[in-house]
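**Student:** This is the structure I want to talk about, given as structure tokens.
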Number of protein chains: 2
Amino acid sequence: MAVGNIYAVILAGGSGSRLWPLSRELHPKQLMKIEDNYTLFQSAFIRLVNCIDDKNILSITNIKLESQVKNQLKEMQEKFCRKSTYRIITEPECKNTAPAIALAIKYIEKLQQDKNIKEDAIIVAVPSDNLITDNEKYCKAVSEGIKLAQEGYIVAFGVRPDRADVGLGYIRAKNNRKIRTIAPDALKVESFIEKPDFETAQEFVDSDKYFWNSGMYAFKASVMMAELKKYERSIYDIIKDAEISSQTPTIPYQEFKEMPDISIDYAVMESTKKLAMIPLECEWKDVGSWEAVYEISELDDNGNYIMGNVVDLDSKDSLVYSTSKLITTIGLKDIAVVETEDAILVCDRNRSQDVKKIVSHLKEREDSTQYNHKTVYRPWGYYTVLNEGCGFLTKCIYVNPGAKLSIQLHHHRNEHWVVLEGKAYILKGEEFFELNKGESVDIDVEEKHSIQNPYDEPLKILEIQQGDILDENDIVRFEDIYGRV
Amino acid sequence: MAVGNIYAVILAGGSGSRLWPLSRELHPKQLMKIEDNYTLFQSAFIRLVNCIDDKNILSITNIKLESQVKNQLKEMQEKFCRKSTYRIITEPECKNTAPAIALAIKYIEKLQQDKNIKEDAIIVAVPSDNLITDNEKYCKAVSEGIKLAQEGYIVAFGVRPDRADVGLGYIRAKNNRKIRTIAPDALKVESFIEKPDFETAQEFVDSDKYFWNSGMYAFKASVMMAELKKYERSIYDIIKDAEISSQTPTIPYQEFKEMPDISIDYAVMESTKKLAMIPLECEWKDVGSWEAVYEISELDDNGNYIMGNVVDLDSKDSLVYSTSKLITTIGLKDIAVVETEDAILVCDRNRSQDVKKIVSHLKEREDSTQYNHKTVYRPWGYYTVLNEGCGFLTKCIYVNPGAKLSIQLHHHRNEHWVVLEGKAYILKGEEFFELNKGESVDIDVEEKHSIQNPYDEPLKILEIQQGDILDENDIVRFEDIYGRV
């Protein structure tokens, strides 16, 4: 097997709703730093660099997360790769893993075609939200998986459970000589089990036949396509005919939209006869819920995990996580408290799987706190909404060195800018000028304007918006270096 | 007894620390609206207007709360009184009830002297933080209390307990013919009991000899002074010699500072032999803790009291109180969650008395969240701190019609103002001008400035402060219509 035919795909489009309110649809957990200097997504990338040619490591994410993923990847590739050739496949909207994997396969087939390679690609698809230590054992498992995949198996990676976790899927496995001949540690998969209830999970842990499903898979492109054809025809039919360019790796919105919102486990793994499993012998942690965060955290003498500005009196076995405000707690037991700038969760720790229900409910009532943080990432940097009051809104705008906001105007609001840090190059009407720290400028309704940071230092501007309608949609763009016109 | 010699004193200087984070030293619970259109302090005033000549209803509070008390009183007197002659006695700092009552007596004696009245004053001292319904029964009890006080008794008002509340003091009472002859409902007091533990409190409730101490008292000025002389000599000695003007009813800081920080219960009631008790037969509720708020609130089918922007899943017997941010709760039982703009409390409901400990702790570490809300009241209106970041601070400033901020300058910060609502009359350097809605102005470091609202509409200004030191103490005042220069 030529190394050039082995690909990795990092699945980075998830919304991580069970870690709400810290994780949001527009800034999900895989893009956050959790007990490390790197984000979970970045760590997934670093792990793969050790076992797969970095030119062949792709990421797939949805369009709303694309610029964040790109920025995070850029950092990693500058540090860990010979060349900066990151490739991000873009889903036109947030869907489940089956459409994502199908799209990735199609794109990889396209790459192979362009290179005039007839040989089938082997793909290792990995989640971007696990904590894994011991890269050596990880790479060993990946390389065993690739061997099995080469033989036509769809390879799952199982983790030996050490507790009855109801937030994970389970794999029932058994010995099989034929499989073991190819990869000595591998097992035959008897069945895939969706998240079980606590009693069932406990039985699984007590038996030695069950593994946690890590969500990592290795397979031959053609094999997975054949299984999709067999078990999830609607995805197969759309992806088979899709036109994918190797320059802009995405699929038209209408086509993607028609695919079912289904996981690869449900679409293929629960039905296929081609499954084998490699045990992942390294430490593996799913950061799937606040309970999981609690489980993986270092606790104090009272069994608490306390983070941020917290004053506690006599609490036990609780998680208290503050990102901004003071939290005080008295006499709690088995409670998780998570505070962010605009939303607070207080939850029985054992019920932390139900955070998902809360997020669904917020989605139904169109509450933006399920979707967005106060901080929103843009190609040129990011902004944080500081306040929304009657008739005004304040934002802190961070413009990266070299970046430029689009030339724009608003029909319904005026804007005042005060430079807090750095120096800005401003367009107001037809006039260009510098604005230094401490200086301010007023932009009228209907007046063309732009902020640019052609300097080396980061630029921080306080914006005050005033008007009857204060909405991100009230924007007319004339010129945009990021193609958003 | 001439009606003119009967006074009421509303004790309005408390800090209500057990209702933190809603109640703060600078905006305590008695100045908040709790299940009513009026604040607890205002309700106390309205109750007294029905039984005591409104000219003789005084309030005593500490200097930091004076302008808020004045504003609340003004509203009430415009509605309920013939003349607006409110009188506020000011404590130079926040102390307990014994110094407050001593100061009030001294001031009332001064008023009597000025009017050349030899007769002894009768004083009804009432807390400002209870919920009491049935004014008729209240007034009946007050008038019985006045009769007994006239005979030389110090009269407490007791409430028949309906549960074992560990946040209240108790009075043990028994029948006594002599007392009953003067006031038919009155009882002799056997002893005063400080807040008991739960078991003791339960015994008290099961017996019929015990009453809650309402904190209301009636007494003859000379009798209370004599008892202070006997049992709390240090207060007596200071107050006896204090020079009090009837124009500015206060006492010099140094003299007040030397008084012990002690309650009237501890200083006098637990020792005096002159006690009698009138049962307060109306509904009486102490809003002393979050548990008490829970007890007095109307609960939903799950036994929850939920207020503000809250999404709950399966919680029971809990209090969830949001003033600004979204709170989501899952599976809580007997928990109190209280959210304010800058601090959050999550507490076992049965531990809500311990909130006091948290506040003490915050005081020790000089955390301003025990002291101040983000909103700070000033004689000219109020401001809310919106954000504090590195090097900048934003405030929303509300200026009452007719009000004017002092002429001032800052050594360490510049300021930008944007008018959000209304119209401002601005002084910048030597120049005066109008600033309309949507207009802005920059004030430089060391530049004299002032905001004035000579118009009929309220004025709302967004202020952005920038500088190395952003501190309320960086202010040089030149002229101030509220005497703060």
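Identifiers in the structure tokens: chain A, B, ... in order shown; residue index from 1 per chain; ligand index from 1 in order shown.
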Might you pull out every residue within 6 Å of Lys428 in chain A, with only C-alpha atoms counted and same-chain residues fewer than 2 positions away left off, and present them as a list in words?

**Tutor:**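 Here the answer would be Glu430, Glu431 and His449 of chain A.
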
**Student:** So which bits of range 357-407 of chain B end up strand (DSSP E) when you DSSP the backbone, as a list in words?

**Tutor:**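 Everything in range 357-407 of chain B that counts as strand (DSSP E) is Thr375, Val376, Tyr377, Arg378, Gly381, Tyr382, Tyr383, Thr384, Val385, Leu386, Asn387, Glu388, Gly389, Phe392, Leu393, Thr394, Lys395, Cys396, Ile397, Tyr398, Val399 and Ile407 of chain B.
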
**Student:** Select from chain B every residue with an atom at most 6 Å from any atom of chain A, then for each give the shortest pair of atoms and their distance in Å to one decimal, using only C-alpha atoms, rows by chain and rising number, as CSV.

**Tutor:**
```
residue,atom,partner,partner_atom,distance
B:Lys325,CA,A:Asp342,CA,5.4
B:Leu326,CA,A:Ala343,CA,4.7
B:Ile327,CA,A:Ile344,CA,4.7
B:Thr328,CA,A:Leu345,CA,4.9
B:Thr329,CA,A:Val346,CA,4.8
B:Ile330,CA,A:Cys347,CA,4.5
B:Gly331,CA,A:Asp348,CA,5.4
B:Leu332,CA,A:Asp348,CA,5.9
B:Asp342,CA,A:Lys325,CA,5.4
B:Ala343,CA,A:Leu326,CA,4.7
B:Ile344,CA,A:Ile327,CA,4.7
B:Leu345,CA,A:Thr328,CA,4.8
B:Val346,CA,A:Thr329,CA,4.8
B:Cys347,CA,A:Ile330,CA,4.5
B:Asp348,CA,A:Gly331,CA,5.4
```

**Student:** For range 256-272 of chain B, work out the shell of residues within 6 Å, counting only C-alpha atoms and skipping chain neighbours fewer than 5 positions away, then give it as a ChimeraX atom specification.

**Tutor:** /B:95-98,192,232,235

**Student:** Those selected residues, please, written with N, CA, C and O atoms and delivered as a CSV table (one decimal), in the first residue's frame.

**Tutor:**
```csv
chain,number,residue,atom,x,y,z
B,95,LYS,N,-24.1,50.7,61.1
B,95,LYS,CA,-23.9,50.1,62.4
B,95,LYS,C,-25.2,49.3,62.7
B,95,LYS,O,-26.1,49.2,61.9
B,96,ASN,N,-25.2,48.7,63.9
B,96,ASN,CA,-26.4,47.9,64.3
B,96,ASN,C,-27.5,48.7,64.9
B,96,ASN,O,-27.4,50.0,64.9
B,97,THR,N,-28.6,48.1,65.4
B,97,THR,CA,-29.8,48.8,65.8
B,97,THR,C,-29.6,49.6,67.1
B,97,THR,O,-30.3,50.6,67.3
B,98,ALA,N,-28.7,49.2,68.0
B,98,ALA,CA,-28.6,49.9,69.3
B,98,ALA,C,-28.1,51.4,69.1
B,98,ALA,O,-28.8,52.3,69.5
B,192,PHE,N,-35.7,36.5,76.2
B,192,PHE,CA,-35.4,36.7,74.8
B,192,PHE,C,-34.5,35.6,74.4
B,192,PHE,O,-33.5,35.4,75.1
B,232,GLU,N,-25.9,49.4,78.6
B,232,GLU,CA,-24.9,49.6,77.5
B,232,GLU,C,-24.4,51.0,77.6
B,232,GLU,O,-24.6,51.9,76.8
B,235,ILE,N,-22.7,53.4,74.8
B,235,ILE,CA,-23.6,54.1,73.9
B,235,ILE,C,-24.2,55.3,74.6
B,235,ILE,O,-24.3,56.4,74.1
```

**Student:** Provide the CA of Glu119 in chain A to CA of Pro184 in chain A distance in Å, to one decimal place.

**Tutor:** 25.6 Å

**Student:** Could you pull out the residues in range 222-307 of chain A that DSSP calls alpha helix (DSSP H) from the backbone, as a ChimeraX atom specification?

**Tutor:** /A:222-231,233-241,253-257,264,290-296

**Student:** Suppose you want the space between CA of Lys147 in chain B and CA of Asn135 in chain B; what is it in Å?

**Tutor:**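 Here the two named atoms are 18.4 Å from each other.
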
**Student:** Range 67-80 of chain B: which residues within 8 Å, counting only C-alpha atoms, same-chain residues fewer than 2 positions away excluded, as a ChimeraX atom specification?

**Tutor:** /B:12,31,42,45-46,49,61,64-65,82-86,88,377-379

**Student:** Near Leu11 in chain A, within 10 Å and counting only C-alpha atoms, which residues show up once chain neighbours fewer than 5 positions away are dropped, as a VMD selection string?

**Tutor:** chain A and resid 30 41 44 58 to 62 89 96 to 97 100 to 101 104 125 to 129 215 to 216

**Student:** Take the residues that were just selected and, keeping C-alpha atoms, output them as a PDB file, in the first residue's frame.

**Tutor:**
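The resulting selection_22.pdb:
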```
ATOM      1  CA  GLN A  30     -13.705  20.647  19.408  1.00  0.00           C
ATOM      2  CA  PHE A  41      -9.306  19.641  17.089  1.00  0.00           C
ATOM      3  CA  ALA A  44      -6.470  15.401  16.821  1.00  0.00           C
ATOM      4  CA  LEU A  58      -7.963  16.591   5.618  1.00  0.00           C
ATOM      5  CA  SER A  59     -10.564  18.235   7.799  1.00  0.00           C
ATOM      6  CA  ILE A  60     -14.263  18.430   7.181  1.00  0.00           C
ATOM      7  CA  THR A  61     -16.465  20.973   8.883  1.00  0.00           C
ATOM      8  CA  ASN A  62     -19.566  23.013   8.236  1.00  0.00           C
ATOM      9  CA  ILE A  89     -13.823  20.132   3.056  1.00  0.00           C
ATOM     10  CA  ASN A  96     -24.360  14.246  10.970  1.00  0.00           C
ATOM     11  CA  THR A  97     -21.341  11.973  10.297  1.00  0.00           C
ATOM     12  CA  ALA A 100     -19.765  14.163   6.122  1.00  0.00           C
ATOM     13  CA  ILE A 101     -17.933  10.881   5.533  1.00  0.00           C
ATOM     14  CA  ALA A 104     -15.000  13.286   2.261  1.00  0.00           C
ATOM     15  CA  ALA A 125     -11.931   9.052   9.834  1.00  0.00           C
ATOM     16  CA  VAL A 126     -11.515  10.469  13.335  1.00  0.00           C
ATOM     17  CA  PRO A 127     -13.659  12.580  15.661  1.00  0.00           C
ATOM     18  CA  SER A 128     -12.166  15.879  16.773  1.00  0.00           C
ATOM     19  CA  ASP A 129     -13.431  15.941  20.332  1.00  0.00           C
ATOM     20  CA  GLY A 215     -16.135   6.932  16.729  1.00  0.00           C
ATOM     21  CA  MET A 216     -12.882   6.391  14.800  1.00  0.00           C
TER      22      MET A 216
END
```

**Student:** So that I can check the surroundings of Val293 in chain A, please list as a list of chain:residue names every protein, DNA and RNA residue that reaches within 12 Å of it, counting only C-alpha atoms and ignoring chain neighbours fewer than 5 positions away.

**Tutor:** A:Arg18, A:Leu19, A:Leu22, A:Lys29, A:Ile34, A:Glu35, A:Asp129, A:Asn130, A:Leu131, A:Lys285, A:Asp286, A:Val287, A:Gly288, A:Glu298, A:Leu299, A:Asn304, A:Tyr305, A:Ile306, A:Met307, A:Ser318, A:Leu319, A:Val320, A:Tyr321, A:Ala336, A:Val338, A:Arg349, A:Ser352, A:Gln353

**Student:** What would the file look like if the residues just selected were written as an mmCIF file, in the first residue's frame with C-alpha atoms?

**Tutor:**
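Here's the written file result-v6.cif:
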```cif
data_model
loop_
_atom_site.group_PDB
_atom_site.id
_atom_site.type_symbol
_atom_site.label_atom_id
_atom_site.label_comp_id
_atom_site.auth_asym_id
_atom_site.auth_seq_id
_atom_site.Cartn_x
_atom_site.Cartn_y
_atom_site.Cartn_z
ATOM 1 C CA ARG A 18 -24.135 18.532 25.583
ATOM 2 C CA LEU A 19 -21.343 20.872 26.688
ATOM 3 C CA LEU A 22 -19.623 26.578 27.106
ATOM 4 C CA LYS A 29 -16.121 22.025 22.030
ATOM 5 C CA ILE A 34 -9.747 21.677 27.322
ATOM 6 C CA GLU A 35 -6.915 20.904 29.734
ATOM 7 C CA ASP A 129 -13.431 15.941 20.332
ATOM 8 C CA ASN A 130 -11.582 13.234 22.274
ATOM 9 C CA LEU A 131 -8.697 13.480 24.695
ATOM 10 C CA LYS A 285 -11.483 10.234 27.070
ATOM 11 C CA ASP A 286 -14.671 11.420 25.558
ATOM 12 C CA VAL A 287 -15.494 15.003 26.495
ATOM 13 C CA GLY A 288 -19.122 14.376 25.716
ATOM 14 C CA GLU A 298 -8.468 16.553 38.872
ATOM 15 C CA LEU A 299 -10.680 16.902 41.941
ATOM 16 C CA ASN A 304 -15.043 19.125 43.563
ATOM 17 C CA TYR A 305 -13.729 20.447 40.285
ATOM 18 C CA ILE A 306 -13.689 24.217 40.655
ATOM 19 C CA MET A 307 -12.594 26.554 37.873
ATOM 20 C CA SER A 318 -19.604 19.055 42.280
ATOM 21 C CA LEU A 319 -18.297 20.833 39.213
ATOM 22 C CA VAL A 320 -18.337 24.638 39.312
ATOM 23 C CA TYR A 321 -17.046 26.380 36.212
ATOM 24 C CA ALA A 336 -22.698 20.940 37.938
ATOM 25 C CA VAL A 338 -21.419 26.300 34.410
ATOM 26 C CA ARG A 349 -24.425 15.940 37.543
ATOM 27 C CA SER A 352 -25.832 16.039 32.343
ATOM 28 C CA GLN A 353 -26.813 14.053 29.247
#
```

**Student:** Would you compute the distance between CA of Leu228 in chain A and CA of Tyr153 in chain A? Give it in Å to one decimal.

**Tutor:**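 Atom-to-atom, CA of Leu228 in chain A and CA of Tyr153 in chain A are spaced 14.1 Å apart.
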